[in-house]
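The next block is input_11.cif, given as mmCIF, C-alpha atoms.
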```cif
data_start
loop_
_atom_site.label_atom_id
_atom_site.label_comp_id
_atom_site.auth_asym_id
_atom_site.auth_seq_id
_atom_site.Cartn_x
_atom_site.Cartn_y
_atom_site.Cartn_z
CA MET A 1 -38.50 -70.75 -23.78
CA THR A 2 -36.87 -68.71 -21.13
CA LEU A 3 -34.49 -65.95 -21.84
CA LEU A 4 -31.30 -66.17 -19.92
CA THR A 5 -30.22 -62.75 -18.80
CA PRO A 6 -26.79 -62.18 -17.37
CA PRO A 7 -26.66 -61.10 -13.78
CA PRO A 8 -26.31 -57.35 -13.30
CA ALA A 9 -22.76 -56.24 -13.20
CA THR A 10 -21.62 -55.08 -9.84
CA THR A 11 -20.13 -51.62 -9.79
CA ALA A 12 -17.67 -50.43 -7.23
CA PRO A 13 -18.92 -47.60 -5.05
CA ALA A 14 -17.84 -44.24 -6.41
CA THR A 15 -15.27 -42.45 -4.31
CA ALA A 16 -14.71 -38.73 -4.41
CA ALA A 17 -11.41 -37.63 -5.79
CA PRO A 18 -9.22 -36.06 -3.15
CA LEU A 19 -8.99 -32.31 -3.29
CA ALA A 20 -5.68 -30.64 -3.92
CA PRO A 21 -4.02 -29.42 -0.75
CA ALA A 22 -4.36 -25.77 0.06
CA ALA A 23 -1.41 -23.61 -0.92
CA GLY A 24 0.90 -22.35 1.76
CA LEU A 25 1.20 -18.71 2.71
CA LEU A 26 4.30 -17.98 0.62
CA SER A 27 3.28 -19.97 -2.46
CA GLY A 28 -0.20 -18.47 -2.37
CA LEU A 29 1.29 -15.00 -1.91
CA ALA A 30 3.56 -15.50 -4.93
CA ALA A 31 0.66 -16.69 -7.10
CA VAL A 32 -1.65 -13.80 -6.17
CA TYR A 33 1.19 -11.30 -6.53
CA ARG A 34 2.06 -12.47 -10.05
CA ALA A 35 -1.59 -12.44 -11.09
CA GLN A 36 -2.18 -8.94 -9.71
CA LEU A 37 1.07 -7.66 -11.18
CA ALA A 38 0.14 -8.92 -14.66
CA ARG A 39 -3.33 -7.41 -14.30
CA ALA A 40 -2.08 -3.99 -13.24
CA ARG A 41 0.82 -3.86 -15.70
CA VAL A 42 -1.38 -2.27 -18.36
CA ALA A 43 -1.96 0.76 -16.14
CA ARG A 44 1.61 0.95 -14.85
CA ILE A 45 2.85 3.96 -16.81
CA PRO A 46 -0.25 6.16 -16.24
CA LEU A 47 -0.22 5.13 -12.57
CA MET A 48 3.41 6.09 -12.09
CA PHE A 49 2.97 9.34 -14.02
CA VAL A 50 -0.08 10.52 -12.07
CA ALA A 51 1.37 9.66 -8.66
CA SER A 52 4.75 11.24 -9.44
CA PHE A 53 3.33 14.33 -11.17
CA GLN A 54 1.07 15.03 -8.21
CA SER A 55 3.91 14.85 -5.70
CA ILE A 56 6.27 16.93 -7.87
CA GLY A 57 3.56 19.58 -8.17
CA ILE A 58 3.26 19.69 -4.39
CA LEU A 59 7.03 20.10 -4.11
CA VAL A 60 6.96 23.07 -6.46
CA MET A 61 4.10 24.62 -4.52
CA MET A 62 5.78 24.11 -1.15
CA ARG A 63 9.02 25.58 -2.42
CA GLY A 64 7.25 28.94 -2.47
CA VAL A 65 6.53 28.83 1.27
CA VAL A 66 9.41 26.76 2.69
CA ASP A 67 13.02 27.89 2.54
CA GLY A 68 15.50 25.63 0.80
CA GLY A 69 18.74 24.39 2.27
CA ASP A 70 19.56 21.98 5.04
CA ASN A 71 16.74 22.60 7.55
CA PRO A 72 14.06 20.37 9.12
CA SER A 73 11.21 21.94 7.13
CA SER A 74 12.71 21.28 3.70
CA ARG A 75 13.65 17.74 4.70
CA ALA A 76 10.08 17.06 5.87
CA VAL A 77 8.57 18.41 2.65
CA VAL A 78 10.80 16.32 0.36
CA ALA A 79 10.39 13.15 2.45
CA GLY A 80 6.63 13.59 2.77
CA SER A 81 6.17 14.22 -0.95
CA SER A 82 8.21 11.10 -1.79
CA VAL A 83 6.13 8.88 0.50
CA LEU A 84 2.97 10.52 -0.85
CA VAL A 85 3.56 8.59 -4.10
CA VAL A 86 3.16 5.41 -2.06
CA ALA A 87 0.05 6.73 -0.31
CA PHE A 88 -1.64 7.56 -3.60
CA VAL A 89 -1.36 3.98 -4.83
CA ALA A 90 -1.27 1.85 -1.69
CA LEU A 91 -3.95 3.70 0.28
CA ASN A 92 -6.24 5.43 -2.19
CA LEU A 93 -6.29 3.02 -5.13
CA LEU A 94 -6.23 -0.14 -3.01
CA ALA A 95 -9.25 1.03 -1.00
CA GLN A 96 -11.11 1.59 -4.27
CA TYR A 97 -9.98 -1.79 -5.63
CA PHE A 98 -11.19 -3.86 -2.68
CA GLY A 99 -14.35 -1.78 -2.40
CA ARG A 100 -15.11 -2.57 -6.04
CA LEU A 101 -14.34 -6.27 -5.51
CA ARG A 102 -16.74 -6.45 -2.63
CA ALA A 103 -19.50 -4.55 -4.46
CA THR A 104 -19.26 -6.61 -7.66
CA GLY A 105 -18.88 -10.02 -6.02
CA GLY A 106 -15.24 -10.37 -7.01
CA LEU A 107 -14.36 -11.58 -3.53
CA ASP A 108 -16.28 -14.80 -4.28
CA HIS A 109 -13.60 -15.71 -6.82
CA TYR A 110 -10.80 -15.29 -4.28
CA ALA A 111 -12.82 -17.15 -1.65
CA THR A 112 -12.85 -20.26 -3.86
CA LEU A 113 -9.08 -20.28 -4.31
CA PRO A 114 -7.10 -22.64 -2.07
CA VAL A 115 -4.93 -19.80 -0.75
CA PRO A 116 -4.88 -18.25 2.72
CA ALA A 117 -6.63 -14.93 3.24
CA ALA A 118 -3.33 -13.31 4.16
CA SER A 119 -1.90 -14.30 0.77
CA VAL A 120 -4.71 -12.51 -1.07
CA VAL A 121 -4.27 -9.29 0.92
CA LEU A 122 -0.48 -9.33 0.82
CA GLY A 123 -0.34 -10.26 -2.86
CA ALA A 124 -2.67 -7.46 -3.94
CA ALA A 125 -0.97 -4.95 -1.65
CA GLY A 126 2.49 -5.91 -2.86
CA ALA A 127 1.51 -5.68 -6.53
CA TYR A 128 0.07 -2.20 -6.13
CA ALA A 129 3.00 -0.98 -4.03
CA SER A 130 5.56 -2.33 -6.52
CA PHE A 131 4.76 0.47 -8.94
CA THR A 132 5.57 3.22 -6.45
CA LEU A 133 9.35 2.84 -6.03
CA PRO A 134 10.39 4.47 -9.36
CA GLY A 135 8.03 7.38 -8.76
CA ALA A 136 9.23 7.84 -5.18
CA LEU A 137 12.86 7.90 -6.35
CA VAL A 138 12.15 10.45 -9.07
CA THR A 139 10.21 12.63 -6.64
CA ALA A 140 12.93 12.44 -4.00
CA GLY A 141 15.65 13.29 -6.50
CA PHE A 142 13.69 16.24 -7.90
CA GLY A 143 12.85 17.49 -4.41
CA ALA A 144 16.44 17.23 -3.22
CA ALA A 145 17.61 19.29 -6.21
CA LEU A 146 14.81 21.82 -5.74
CA PHE A 147 15.46 22.33 -2.02
CA GLY A 148 19.23 21.94 -2.13
CA LEU A 149 19.43 18.73 -0.12
CA PRO A 150 22.04 15.96 -0.45
CA VAL A 151 21.17 12.86 -2.47
CA ALA A 152 23.73 10.48 -1.00
CA HIS A 153 21.17 8.55 1.05
CA LEU A 154 18.30 8.19 -1.40
CA TRP A 155 18.92 4.44 -1.20
CA VAL A 156 17.04 4.46 2.13
CA LEU A 157 13.87 4.60 0.02
CA LEU A 158 14.51 0.93 -0.75
CA ALA A 159 13.50 0.28 2.86
CA VAL A 160 11.03 3.15 3.33
CA VAL A 161 8.83 2.35 0.33
CA PRO A 162 8.14 -1.34 1.18
CA LEU A 163 7.55 -0.62 4.87
CA ALA A 164 5.39 2.46 4.37
CA GLY A 165 3.70 0.69 1.47
CA ALA A 166 2.83 -2.29 3.67
CA ALA A 167 1.38 -0.03 6.37
CA LEU A 168 -0.67 2.05 3.92
CA SER A 169 -1.71 -0.95 1.82
CA GLY A 170 -3.09 -2.73 4.86
CA LEU A 171 -5.04 0.38 5.84
CA GLY A 172 -6.32 0.89 2.29
CA ALA A 173 -7.41 -2.74 1.95
CA ALA A 174 -9.16 -2.63 5.33
CA LEU A 175 -11.04 0.54 4.37
CA GLY A 176 -12.19 -0.99 1.10
CA LEU A 177 -13.27 -4.27 2.71
CA LEU A 178 -15.04 -2.77 5.72
CA ALA A 179 -16.90 -0.05 3.82
CA PRO A 180 -20.56 -1.03 3.31
CA LYS A 181 -20.69 0.50 -0.19
CA GLN A 182 -18.23 1.00 -3.02
CA GLU A 183 -18.80 4.75 -2.97
CA ILE A 184 -17.94 4.92 0.71
CA ALA A 185 -14.76 2.92 0.10
CA THR A 186 -13.75 5.44 -2.57
CA MET A 187 -14.49 8.33 -0.23
CA LEU A 188 -12.50 6.77 2.62
CA GLY A 189 -9.55 6.15 0.32
CA GLN A 190 -9.56 9.77 -0.80
CA LEU A 191 -9.85 10.99 2.80
CA GLY A 192 -6.88 8.83 3.74
CA MET A 193 -4.96 10.26 0.80
CA SER A 194 -5.78 13.78 1.99
CA ALA A 195 -4.59 12.92 5.48
CA ALA A 196 -1.31 11.58 4.09
CA LEU A 197 -0.93 14.79 2.10
CA LEU A 198 -1.65 17.24 4.90
CA LEU A 199 -0.02 15.38 7.78
CA GLY A 200 2.86 13.86 5.86
CA VAL A 201 4.03 16.74 3.69
CA LEU A 202 3.58 19.69 6.06
CA PRO A 203 6.47 20.00 8.55
CA ALA A 204 5.48 18.74 12.00
CA SER A 205 6.94 21.86 13.62
CA HIS A 206 4.33 23.97 11.78
CA LEU A 207 1.37 21.94 13.05
CA PRO A 208 -0.65 22.49 16.26
CA GLN A 209 -0.12 19.98 19.04
CA ALA A 210 -3.51 18.33 18.53
CA VAL A 211 -2.76 17.80 14.84
CA ARG A 212 0.65 16.35 15.71
CA LEU A 213 -1.14 13.67 17.72
CA LEU A 214 -3.22 12.79 14.67
CA ARG A 215 -0.04 12.72 12.62
CA ALA A 216 1.43 10.13 14.97
CA LEU A 217 -1.51 7.83 14.15
CA LEU A 218 -0.88 7.92 10.40
CA PRO A 219 0.93 4.69 9.40
CA SER A 220 3.30 6.39 6.96
CA THR A 221 4.47 9.06 9.44
CA TYR A 222 7.39 6.99 10.68
CA GLY A 223 8.58 6.23 7.17
CA VAL A 224 8.50 9.97 6.39
CA ASP A 225 10.44 10.80 9.57
CA ALA A 226 13.03 8.11 8.87
CA PHE A 227 13.61 9.35 5.33
CA ALA A 228 13.69 13.00 6.40
CA ASP A 229 16.46 12.27 8.91
CA THR A 230 18.70 10.92 6.14
CA PHE A 231 18.90 14.36 4.50
CA ALA A 232 20.84 15.73 7.47
CA ALA A 233 24.58 16.30 7.15
CA ARG A 234 25.11 13.62 9.80
CA PRO A 235 22.04 11.39 9.94
CA ASP A 236 21.08 9.85 13.26
CA TRP A 237 21.00 6.27 12.04
CA ALA A 238 19.71 4.95 15.36
CA ALA A 239 16.65 7.20 14.99
CA VAL A 240 16.26 6.16 11.34
CA ILE A 241 16.32 2.47 12.22
CA GLY A 242 13.95 3.06 15.13
CA ASP A 243 11.40 4.84 12.93
CA LEU A 244 11.66 2.10 10.30
CA GLY A 245 11.09 -0.50 13.01
CA ILE A 246 7.95 1.30 14.17
CA CYS A 247 6.79 1.55 10.55
CA ALA A 248 7.29 -2.21 10.16
CA GLY A 249 5.29 -2.89 13.32
CA VAL A 250 2.45 -0.63 12.19
CA GLY A 251 2.53 -2.31 8.79
CA LEU A 252 2.15 -5.73 10.39
CA LEU A 253 -0.82 -4.52 12.42
CA SER A 254 -2.54 -2.91 9.43
CA LEU A 255 -2.05 -5.99 7.25
CA THR A 256 -3.44 -8.17 10.04
CA LEU A 257 -6.49 -5.90 10.22
CA ALA A 258 -6.89 -6.14 6.44
CA THR A 259 -6.70 -9.95 6.60
CA LEU A 260 -9.42 -10.06 9.25
CA ALA A 261 -11.54 -7.66 7.20
CA TYR A 262 -11.08 -9.87 4.13
CA ARG A 263 -12.22 -12.99 5.99
CA ARG A 264 -15.24 -11.12 7.31
CA ALA A 265 -16.20 -9.79 3.88
CA ALA A 266 -15.61 -13.10 2.08
CA THR A 267 -17.80 -15.13 4.45
CA ARG A 268 -20.78 -12.78 4.58
#
```
Could you render the structure as structure tokens?
Amino acid sequence: MTLLTPPPATTAPATAAPLAPAAGLLSGLAAVYRAQLARARVARIPLMFVASFQSIGILVMMRGVVDGGDNPSSRAVVAGSSVLVVAFVALNLLAQYFGRLRATGGLDHYATLPVPAASVVLGAAGAYASFTLPGALVTAGFGAALFGLPVAHLWVLLAVVPLAGAALSGLGAALGLLAPKQEIATMLGQLGMSAALLLGVLPASHLPQAVRLLRALLPSTYGVDAFADTFAARPDWAAVIGDLGICAGVGLLSLTLATLAYRRAATR
């Protein structure tokens, strides 16, 4: 007696499921920005307090050595202290953040996401810089009252903070991504913060010529100069727009450098 066995069933060849398309630059930027903003929201109030308190303390200290009233020195001090709030977050903390990501392998998570490298850098930079506007406004208002400057044009900070924040965020991200160790990234971020303090707050007319050249290389310098010009009785709006345009160009370059540094760090 023979057992009749059914012929083996034929199975169709397995086909891999198509992968989801990669997100575009803007959609990827929005997703990373929302994620970073939700992550950093817990530390928002301490972050704003520390950055603002530091800059207000510098204003009080500088008031003892710089005369108040409508003069270039007082304008430079108030403008530099206001932008220093941005430098504390966008340059110092962002360098530490990306340095920590690289040291702990956190970049591997972002490398697996279907988002462009520019979206990761811009999203993180934008989230960190978003917390600086209230502190910059409070610092500028306090400084204007302390030095006797007009407050009619504080709205210019709405342009200065994003542009200076982009320039400093790109530099901070690049420092954190290019540093070989997390400790070096932290040190570079603090050195950049010190440079923004010394070269941005001190009036340019009080600096030696060689130091003025270094000041011209600092990305936030042009945002400081643009904001300082608005405290004049009759601001030179052409100069203000020109400085903001230079700040935007420098910001684009620094963010491009940060994107290249991210790709290099993520593929190593």
Distance CA of Lys181 in chain A-CA of Pro116 in chain A, one decimal place?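 According to the coordinates, CA of Lys181 in chain A and CA of Pro116 in chain A are separated by 24.7 Å.
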For CA of Gln36 in chain A and CA of Leu252 in chain A, quote the distance in Å rounded to one decimal. 20.8 Å
Which residue out of A:Val201, A:Ala261, A:Ala196, A:Val77 has the minimum interatomic distance to Leu218 in chain A when only C-alpha atoms are used? A:Ala196
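Nearest residue to Phe88 in chain A among A:Met193, A:Ala124, A:Ala118, A:Val138 is A:Met193, counting all atoms listed in the file.
Take the candidates A:Gly126, A:Gly176, A:Gly141, A:Gly105 and check each one against Ala79 in chain A using only C-alpha atoms; the shortest distance goes to A:Gly141.
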Expansion of the PyMOL selection byres ((chain A and resi 205-211) around 12) into residues, as a ChimeraX atom specification: /A:65-66,71-77,195,198-204,212-218
